[in-house]
Amino acid sequence: MRLVKVDKEWQSEHEAYFKEWGSERMVPSSFNLVAQDTYDEYLSELEIRQHGIENWVPNSNYFLINDENRIVAMVNIRHRLNDYLHNIGGHIGYGVRPSERRKGYATLMLAKALKKCKELELKRVLITCDEDNIGSAKVILNNGGIEDEPFHDKDGRVIRRFWIEIKE
Ligand SMILES: CC(C)(COP(=O)(O)OP(=O)(O)OC[C@H]1O[C@@H](n2cnc3c(N)ncnc32)[C@H](O)[C@@H]1OP(=O)(O)O)[C@@H](O)C(=O)NCCC(=O)NCCS
């Protein structure tokens, strides 16, 4: 299993992955293909966002690829926090394709993403999940997450917040 950067060579795989999510809200949103007419437009837009624009802080996007060259999951690493990320989004967002869940891939992918965070010279990262997202909380705890105070948004949603130290 390996992380690869988003690239034109993965277009058909990415499109199939996107389709598999159906009506479920796709996470991370940086991999959502709905807003652009073509894959090239998506890639151009992503390139701009990755450098940081408007509400987007600089960020990196990776596919988790299995030995059959199939995308099984996706991860978005935010290089720094803004107020929204500090309370709700955190440094790292991830999702696994529905047919590949509960096989340990999110846990593995987060471990690989933490190595990318080390390359970015981050000392510790914040990772969040909704209170009822038991799977995501376990993924974070499996990777050494230490729970901080939760955030309560204006609609009453409770967001659990965890820190993970990046090992030297
Ligand atoms: C949450 C999500 C990323 C988990 O991915 P995954 O690959 O299934 O996770 P893992 O297989 O690594 O599972 C980690 C642990 O959580 C448990 N788990 C996973 N999904 C679960 C669920 N829906 N309910 C209860 N436990 C769950 C696993 O059994 C495993 O437990 P263990 O560590 O005791 O063995 C995946 O369900 C997903 O993509 N959901 C939609 C997007 C999302 O919620 N992203 C996270 C946003 S914070």
# chains A, B, ... in the order shown; residues from 1 in each chain; ligands from 1
call {"tool": "select_by_dssp", "arguments": {"residues": "segment 5-152 of chain A", "states": "alpha helix (DSSP H)", "output": "PyMOL selection string"}}
result
chain A and resi 11-20+39-50+83-84+105-119+134-142
call {"tool": "write_last_selection", "arguments": {"atoms": "N, CA and C atoms", "output": "compact mmCIF listing (two decimals), in the first residue's frame"}}
result
# COMPACT_ATOMS: atom_id res chain seq x y z
N GLN A 11 -6.99 9.38 -13.20
CA GLN A 11 -8.32 9.93 -13.51
C GLN A 11 -9.44 8.87 -13.46
N SER A 12 -9.29 7.76 -14.20
CA SER A 12 -10.41 6.81 -14.26
C SER A 12 -10.64 6.15 -12.90
N GLU A 13 -9.57 5.89 -12.18
CA GLU A 13 -9.69 5.32 -10.83
C GLU A 13 -10.40 6.30 -9.90
N HIS A 14 -10.00 7.57 -10.00
CA HIS A 14 -10.60 8.60 -9.15
C HIS A 14 -12.09 8.73 -9.46
N GLU A 15 -12.43 8.71 -10.75
CA GLU A 15 -13.84 8.85 -11.14
C GLU A 15 -14.67 7.67 -10.62
N ALA A 16 -14.09 6.47 -10.69
CA ALA A 16 -14.80 5.28 -10.19
C ALA A 16 -14.98 5.36 -8.68
N TYR A 17 -13.94 5.83 -8.00
CA TYR A 17 -13.97 5.99 -6.54
C TYR A 17 -15.08 6.99 -6.16
N PHE A 18 -15.08 8.11 -6.88
CA PHE A 18 -16.06 9.17 -6.62
C PHE A 18 -17.49 8.63 -6.79
N LYS A 19 -17.71 7.87 -7.88
CA LYS A 19 -19.03 7.30 -8.17
C LYS A 19 -19.49 6.39 -7.02
N GLU A 20 -18.54 5.65 -6.48
CA GLU A 20 -18.91 4.68 -5.44
C GLU A 20 -19.48 5.35 -4.19
N TYR A 39 -11.81 16.58 -15.82
CA TYR A 39 -10.80 16.22 -14.82
C TYR A 39 -9.65 17.23 -14.87
N ASP A 40 -9.33 17.71 -16.06
CA ASP A 40 -8.26 18.71 -16.17
C ASP A 40 -8.62 19.97 -15.38
N GLU A 41 -9.88 20.36 -15.46
CA GLU A 41 -10.32 21.54 -14.69
C GLU A 41 -10.20 21.26 -13.19
N TYR A 42 -10.58 20.05 -12.80
CA TYR A 42 -10.46 19.67 -11.38
C TYR A 42 -9.01 19.77 -10.93
N LEU A 43 -8.10 19.23 -11.75
CA LEU A 43 -6.67 19.25 -11.38
C LEU A 43 -6.15 20.68 -11.27
N SER A 44 -6.56 21.54 -12.20
CA SER A 44 -6.10 22.95 -12.15
C SER A 44 -6.61 23.62 -10.88
N GLU A 45 -7.87 23.40 -10.58
CA GLU A 45 -8.46 24.01 -9.38
C GLU A 45 -7.77 23.50 -8.12
N LEU A 46 -7.50 22.18 -8.10
CA LEU A 46 -6.84 21.58 -6.93
C LEU A 46 -5.45 22.19 -6.74
N GLU A 47 -4.75 22.35 -7.85
CA GLU A 47 -3.40 22.92 -7.81
C GLU A 47 -3.43 24.31 -7.15
N ILE A 48 -4.40 25.12 -7.54
CA ILE A 48 -4.53 26.47 -6.96
C ILE A 48 -4.83 26.37 -5.46
N ARG A 49 -5.79 25.48 -5.13
CA ARG A 49 -6.17 25.35 -3.72
C ARG A 49 -5.03 24.82 -2.87
N GLN A 50 -4.24 23.92 -3.44
CA GLN A 50 -3.15 23.32 -2.66
C GLN A 50 -2.13 24.37 -2.21
N ASP A 83 -8.80 29.30 12.09
CA ASP A 83 -9.78 29.16 13.18
C ASP A 83 -10.73 27.99 12.93
N TYR A 84 -11.20 27.89 11.69
CA TYR A 84 -12.14 26.80 11.36
C TYR A 84 -11.48 25.44 11.59
N TYR A 105 -7.72 0.20 6.58
CA TYR A 105 -7.05 1.13 5.66
C TYR A 105 -6.95 2.55 6.20
N ALA A 106 -7.98 3.02 6.89
CA ALA A 106 -7.90 4.39 7.42
C ALA A 106 -6.81 4.48 8.48
N THR A 107 -6.71 3.44 9.31
CA THR A 107 -5.67 3.43 10.33
C THR A 107 -4.29 3.45 9.68
N LEU A 108 -4.12 2.63 8.64
CA LEU A 108 -2.84 2.59 7.92
C LEU A 108 -2.55 3.92 7.21
N MET A 109 -3.59 4.46 6.57
CA MET A 109 -3.38 5.69 5.81
C MET A 109 -3.02 6.85 6.74
N LEU A 110 -3.67 6.92 7.91
CA LEU A 110 -3.32 8.00 8.84
C LEU A 110 -1.86 7.86 9.28
N ALA A 111 -1.41 6.63 9.52
CA ALA A 111 0.00 6.42 9.91
C ALA A 111 0.92 6.94 8.80
N LYS A 112 0.56 6.67 7.56
CA LYS A 112 1.39 7.16 6.44
C LYS A 112 1.30 8.68 6.32
N ALA A 113 0.12 9.23 6.57
CA ALA A 113 -0.05 10.68 6.49
C ALA A 113 0.78 11.38 7.57
N LEU A 114 0.90 10.74 8.73
CA LEU A 114 1.70 11.35 9.82
C LEU A 114 3.17 11.45 9.40
N LYS A 115 3.62 10.50 8.58
CA LYS A 115 5.01 10.58 8.08
C LYS A 115 5.16 11.78 7.13
N LYS A 116 4.11 12.05 6.35
CA LYS A 116 4.13 13.25 5.49
C LYS A 116 4.16 14.51 6.36
N CYS A 117 3.47 14.47 7.49
CA CYS A 117 3.45 15.63 8.39
C CYS A 117 4.85 15.89 8.94
N LYS A 118 5.57 14.80 9.18
CA LYS A 118 6.95 14.96 9.66
C LYS A 118 7.79 15.67 8.59
N GLU A 119 7.59 15.28 7.33
CA GLU A 119 8.32 15.94 6.23
C GLU A 119 7.97 17.43 6.16
N ILE A 134 -17.70 6.81 15.38
CA ILE A 134 -16.90 5.90 16.22
C ILE A 134 -15.71 5.35 15.45
N GLY A 135 -15.93 5.02 14.17
CA GLY A 135 -14.84 4.48 13.34
C GLY A 135 -13.69 5.46 13.25
N SER A 136 -13.99 6.73 12.97
CA SER A 136 -12.93 7.72 12.82
C SER A 136 -12.20 7.96 14.15
N ALA A 137 -12.96 7.98 15.25
CA ALA A 137 -12.31 8.17 16.57
C ALA A 137 -11.32 7.03 16.83
N LYS A 138 -11.71 5.80 16.44
CA LYS A 138 -10.80 4.67 16.66
C LYS A 138 -9.55 4.79 15.80
N VAL A 139 -9.73 5.26 14.57
CA VAL A 139 -8.59 5.46 13.67
C VAL A 139 -7.58 6.41 14.32
N ILE A 140 -8.10 7.48 14.92
CA ILE A 140 -7.24 8.49 15.55
C ILE A 140 -6.56 7.89 16.80
N LEU A 141 -7.35 7.20 17.61
CA LEU A 141 -6.79 6.58 18.83
C LEU A 141 -5.76 5.52 18.46
N ASN A 142 -6.02 4.75 17.40
CA ASN A 142 -5.06 3.73 16.95
C ASN A 142 -3.71 4.34 16.61
call {"tool": "residues_near_ligand", "arguments": {"ligand": "ligand 1", "cutoff": "10 Å", "atoms": "only C-alpha atoms and all ligand atoms", "output": "CSV table (one decimal) with C-alpha atoms, in the first residue's frame"}}
result
chain,number,residue,atom,x,y,z
A,21,TRP,CA,-19.7,7.3,-2.8
A,24,GLU,CA,-22.9,10.1,0.7
A,25,ARG,CA,-21.1,13.4,1.4
A,26,MET,CA,-17.6,12.8,0.1
A,27,VAL,CA,-14.8,13.3,2.6
A,28,PRO,CA,-12.3,14.9,2.1
A,72,VAL,CA,-8.9,2.5,-1.6
A,73,ALA,CA,-8.8,5.8,0.3
A,74,MET,CA,-7.9,9.5,0.1
A,75,VAL,CA,-6.3,11.9,2.6
A,88,ILE,CA,-13.7,21.7,13.4
A,89,GLY,CA,-11.5,20.5,10.5
A,90,GLY,CA,-8.1,19.7,12.0
A,92,ILE,CA,-5.9,15.8,8.4
A,93,GLY,CA,-9.1,14.7,6.7
A,94,TYR,CA,-9.6,11.2,5.3
A,95,GLY,CA,-12.2,8.9,3.7
A,96,VAL,CA,-12.2,5.2,2.6
A,97,ARG,CA,-14.2,4.0,-0.4
A,98,PRO,CA,-17.4,2.3,0.9
A,99,SER,CA,-16.5,-1.2,-0.3
A,100,GLU,CA,-13.1,-1.1,1.4
A,101,ARG,CA,-14.1,0.0,4.9
A,102,ARG,CA,-13.3,-1.9,8.1
A,103,LYS,CA,-10.2,-3.4,6.7
A,104,GLY,CA,-7.7,-1.2,8.6
A,105,TYR,CA,-7.0,1.1,5.7
A,106,ALA,CA,-7.9,4.4,7.4
A,107,THR,CA,-5.7,3.4,10.3
A,108,LEU,CA,-2.8,2.6,7.9
A,109,MET,CA,-3.4,5.7,5.8
A,110,LEU,CA,-3.3,8.0,8.8
A,127,ILE,CA,-7.4,15.5,14.0
A,128,THR,CA,-11.2,15.8,14.6
A,129,CYS,CA,-14.3,13.8,14.2
A,130,ASP,CA,-18.0,14.1,14.8
A,131,GLU,CA,-19.1,12.7,18.2
A,132,ASP,CA,-21.0,9.9,16.6
A,133,ASN,CA,-18.2,8.8,14.2
A,134,ILE,CA,-16.9,5.9,16.2
A,135,GLY,CA,-14.8,4.5,13.3
A,136,SER,CA,-12.9,7.7,12.8
A,137,ALA,CA,-12.3,8.2,16.6
A,138,LYS,CA,-10.8,4.7,16.7
A,139,VAL,CA,-8.6,5.5,13.7
A,140,ILE,CA,-7.2,8.5,15.5
A,141,LEU,CA,-6.8,6.6,18.8
A,142,ASN,CA,-5.1,3.7,17.0
A,143,ASN,CA,-2.5,6.3,15.9
A,159,ILE,CA,-16.7,17.8,17.4
A,160,ARG,CA,-14.2,15.6,19.2
A,161,ARG,CA,-10.6,17.0,18.9
call {"tool": "select_by_dssp", "arguments": {"residues": "segment 26-167 of chain A", "states": "strand (DSSP E or B)", "output": "PyMOL selection string"}}
result
chain A and resi 53+56+59-65+71-78+92-96+124-130+146-147+151-152+158-165
call {"tool": "atom_distance", "arguments": {"atom1": "atom CA of Phe151 of chain A", "atom2": "atom CA of Asn87 of chain A"}}
result
5.9 Å
call {"tool": "atom_distance", "arguments": {"atom1": "atom CA of Asn76 of chain A", "atom2": "atom CA of Lys123 of chain A"}}
result
17.5 Å
call {"tool": "closest_residue", "arguments": {"among": "A:Arg2, A:Lys8, A:Lys167, A:Arg157", "to": "Asn69 of chain A", "atoms": "only C-alpha atoms"}}
result
A:Arg2
call {"tool": "atom_distance", "arguments": {"atom1": "atom CA of Leu81 of chain A", "atom2": "atom CA of Ile53 of chain A"}}
result
13.7 Å
call {"tool": "closest_residue", "arguments": {"among": "A:Val158, A:Leu122, A:Met1, A:Ile166", "to": "Arg78 of chain A", "atoms": "only C-alpha atoms"}}
result
A:Leu122
call {"tool": "closest_residue", "arguments": {"among": "A:Arg70, A:Asp148, A:Asn61, A:Leu126", "to": "Ser29 of chain A", "atoms": "only C-alpha atoms"}}
result
A:Asn61
call {"tool": "closest_residue", "arguments": {"among": "A:Thr38, A:Leu3, A:Glu149, A:Ile164", "to": "His91 of chain A", "atoms": "only C-alpha atoms"}}
result
A:Ile164
call {"tool": "decode", "arguments": {"residues": "segment 107-130 of chain A", "atoms": "N, CA and C atoms", "output": "PDB file, in the first residue's frame"}}
result
ATOM      1  N   THR A 107      -6.715   3.443   9.305  1.00  0.00           N
ATOM      2  CA  THR A 107      -5.667   3.430  10.334  1.00  0.00           C
ATOM      3  C   THR A 107      -4.289   3.454   9.677  1.00  0.00           C
ATOM      4  N   LEU A 108      -4.121   2.632   8.644  1.00  0.00           N
ATOM      5  CA  LEU A 108      -2.839   2.586   7.924  1.00  0.00           C
ATOM      6  C   LEU A 108      -2.552   3.919   7.213  1.00  0.00           C
ATOM      7  N   MET A 109      -3.587   4.455   6.574  1.00  0.00           N
ATOM      8  CA  MET A 109      -3.377   5.694   5.813  1.00  0.00           C
ATOM      9  C   MET A 109      -3.015   6.851   6.738  1.00  0.00           C
ATOM     10  N   LEU A 110      -3.666   6.918   7.909  1.00  0.00           N
ATOM     11  CA  LEU A 110      -3.319   8.004   8.838  1.00  0.00           C
ATOM     12  C   LEU A 110      -1.860   7.859   9.282  1.00  0.00           C
ATOM     13  N   ALA A 111      -1.412   6.625   9.517  1.00  0.00           N
ATOM     14  CA  ALA A 111      -0.002   6.425   9.907  1.00  0.00           C
ATOM     15  C   ALA A 111       0.921   6.943   8.801  1.00  0.00           C
ATOM     16  N   LYS A 112       0.564   6.674   7.562  1.00  0.00           N
ATOM     17  CA  LYS A 112       1.391   7.157   6.443  1.00  0.00           C
ATOM     18  C   LYS A 112       1.301   8.684   6.324  1.00  0.00           C
ATOM     19  N   ALA A 113       0.124   9.225   6.571  1.00  0.00           N
ATOM     20  CA  ALA A 113      -0.049  10.683   6.494  1.00  0.00           C
ATOM     21  C   ALA A 113       0.785  11.381   7.567  1.00  0.00           C
ATOM     22  N   LEU A 114       0.903  10.742   8.733  1.00  0.00           N
ATOM     23  CA  LEU A 114       1.699  11.347   9.816  1.00  0.00           C
ATOM     24  C   LEU A 114       3.171  11.445   9.398  1.00  0.00           C
ATOM     25  N   LYS A 115       3.624  10.498   8.583  1.00  0.00           N
ATOM     26  CA  LYS A 115       5.010  10.582   8.076  1.00  0.00           C
ATOM     27  C   LYS A 115       5.155  11.783   7.135  1.00  0.00           C
ATOM     28  N   LYS A 116       4.115  12.048   6.350  1.00  0.00           N
ATOM     29  CA  LYS A 116       4.133  13.245   5.488  1.00  0.00           C
ATOM     30  C   LYS A 116       4.156  14.512   6.360  1.00  0.00           C
ATOM     31  N   CYS A 117       3.468  14.466   7.490  1.00  0.00           N
ATOM     32  CA  CYS A 117       3.450  15.630   8.389  1.00  0.00           C
ATOM     33  C   CYS A 117       4.845  15.886   8.944  1.00  0.00           C
ATOM     34  N   LYS A 118       5.570  14.805   9.185  1.00  0.00           N
ATOM     35  CA  LYS A 118       6.950  14.964   9.663  1.00  0.00           C
ATOM     36  C   LYS A 118       7.786  15.669   8.588  1.00  0.00           C
ATOM     37  N   GLU A 119       7.594  15.281   7.329  1.00  0.00           N
ATOM     38  CA  GLU A 119       8.319  15.941   6.232  1.00  0.00           C
ATOM     39  C   GLU A 119       7.973  17.433   6.165  1.00  0.00           C
ATOM     40  N   LEU A 120       6.744  17.758   6.578  1.00  0.00           N
ATOM     41  CA  LEU A 120       6.306  19.165   6.590  1.00  0.00           C
ATOM     42  C   LEU A 120       6.795  19.898   7.842  1.00  0.00           C
ATOM     43  N   GLU A 121       7.514  19.154   8.702  1.00  0.00           N
ATOM     44  CA  GLU A 121       8.077  19.681   9.941  1.00  0.00           C
ATOM     45  C   GLU A 121       7.007  20.119  10.944  1.00  0.00           C
ATOM     46  N   LEU A 122       5.842  19.471  10.882  1.00  0.00           N
ATOM     47  CA  LEU A 122       4.830  19.713  11.905  1.00  0.00           C
ATOM     48  C   LEU A 122       5.235  18.947  13.164  1.00  0.00           C
ATOM     49  N   LYS A 123       5.040  19.557  14.306  1.00  0.00           N
ATOM     50  CA  LYS A 123       5.433  18.929  15.571  1.00  0.00           C
ATOM     51  C   LYS A 123       4.297  18.120  16.180  1.00  0.00           C
ATOM     52  N   ARG A 124       3.076  18.588  15.972  1.00  0.00           N
ATOM     53  CA  ARG A 124       1.905  17.835  16.417  1.00  0.00           C
ATOM     54  C   ARG A 124       0.745  18.226  15.513  1.00  0.00           C
ATOM     55  N   VAL A 125      -0.181  17.298  15.351  1.00  0.00           N
ATOM     56  CA  VAL A 125      -1.300  17.577  14.451  1.00  0.00           C
ATOM     57  C   VAL A 125      -2.622  17.355  15.176  1.00  0.00           C
ATOM     58  N   LEU A 126      -3.596  18.152  14.762  1.00  0.00           N
ATOM     59  CA  LEU A 126      -4.947  18.049  15.301  1.00  0.00           C
ATOM     60  C   LEU A 126      -5.802  17.241  14.329  1.00  0.00           C
ATOM     61  N   ILE A 127      -6.534  16.270  14.862  1.00  0.00           N
ATOM     62  CA  ILE A 127      -7.448  15.501  14.019  1.00  0.00           C
ATOM     63  C   ILE A 127      -8.796  15.455  14.732  1.00  0.00           C
ATOM     64  N   THR A 128      -9.847  15.663  13.991  1.00  0.00           N
ATOM     65  CA  THR A 128     -11.173  15.803  14.607  1.00  0.00           C
ATOM     66  C   THR A 128     -12.151  14.794  14.011  1.00  0.00           C
ATOM     67  N   CYS A 129     -13.223  14.579  14.740  1.00  0.00           N
ATOM     68  CA  CYS A 129     -14.322  13.794  14.158  1.00  0.00           C
ATOM     69  C   CYS A 129     -15.615  14.141  14.882  1.00  0.00           C
ATOM     70  N   ASP A 130     -16.719  13.906  14.193  1.00  0.00           N
ATOM     71  CA  ASP A 130     -18.015  14.109  14.842  1.00  0.00           C
ATOM     72  C   ASP A 130     -18.143  13.112  15.990  1.00  0.00           C
TER      73      ASP A 130
END
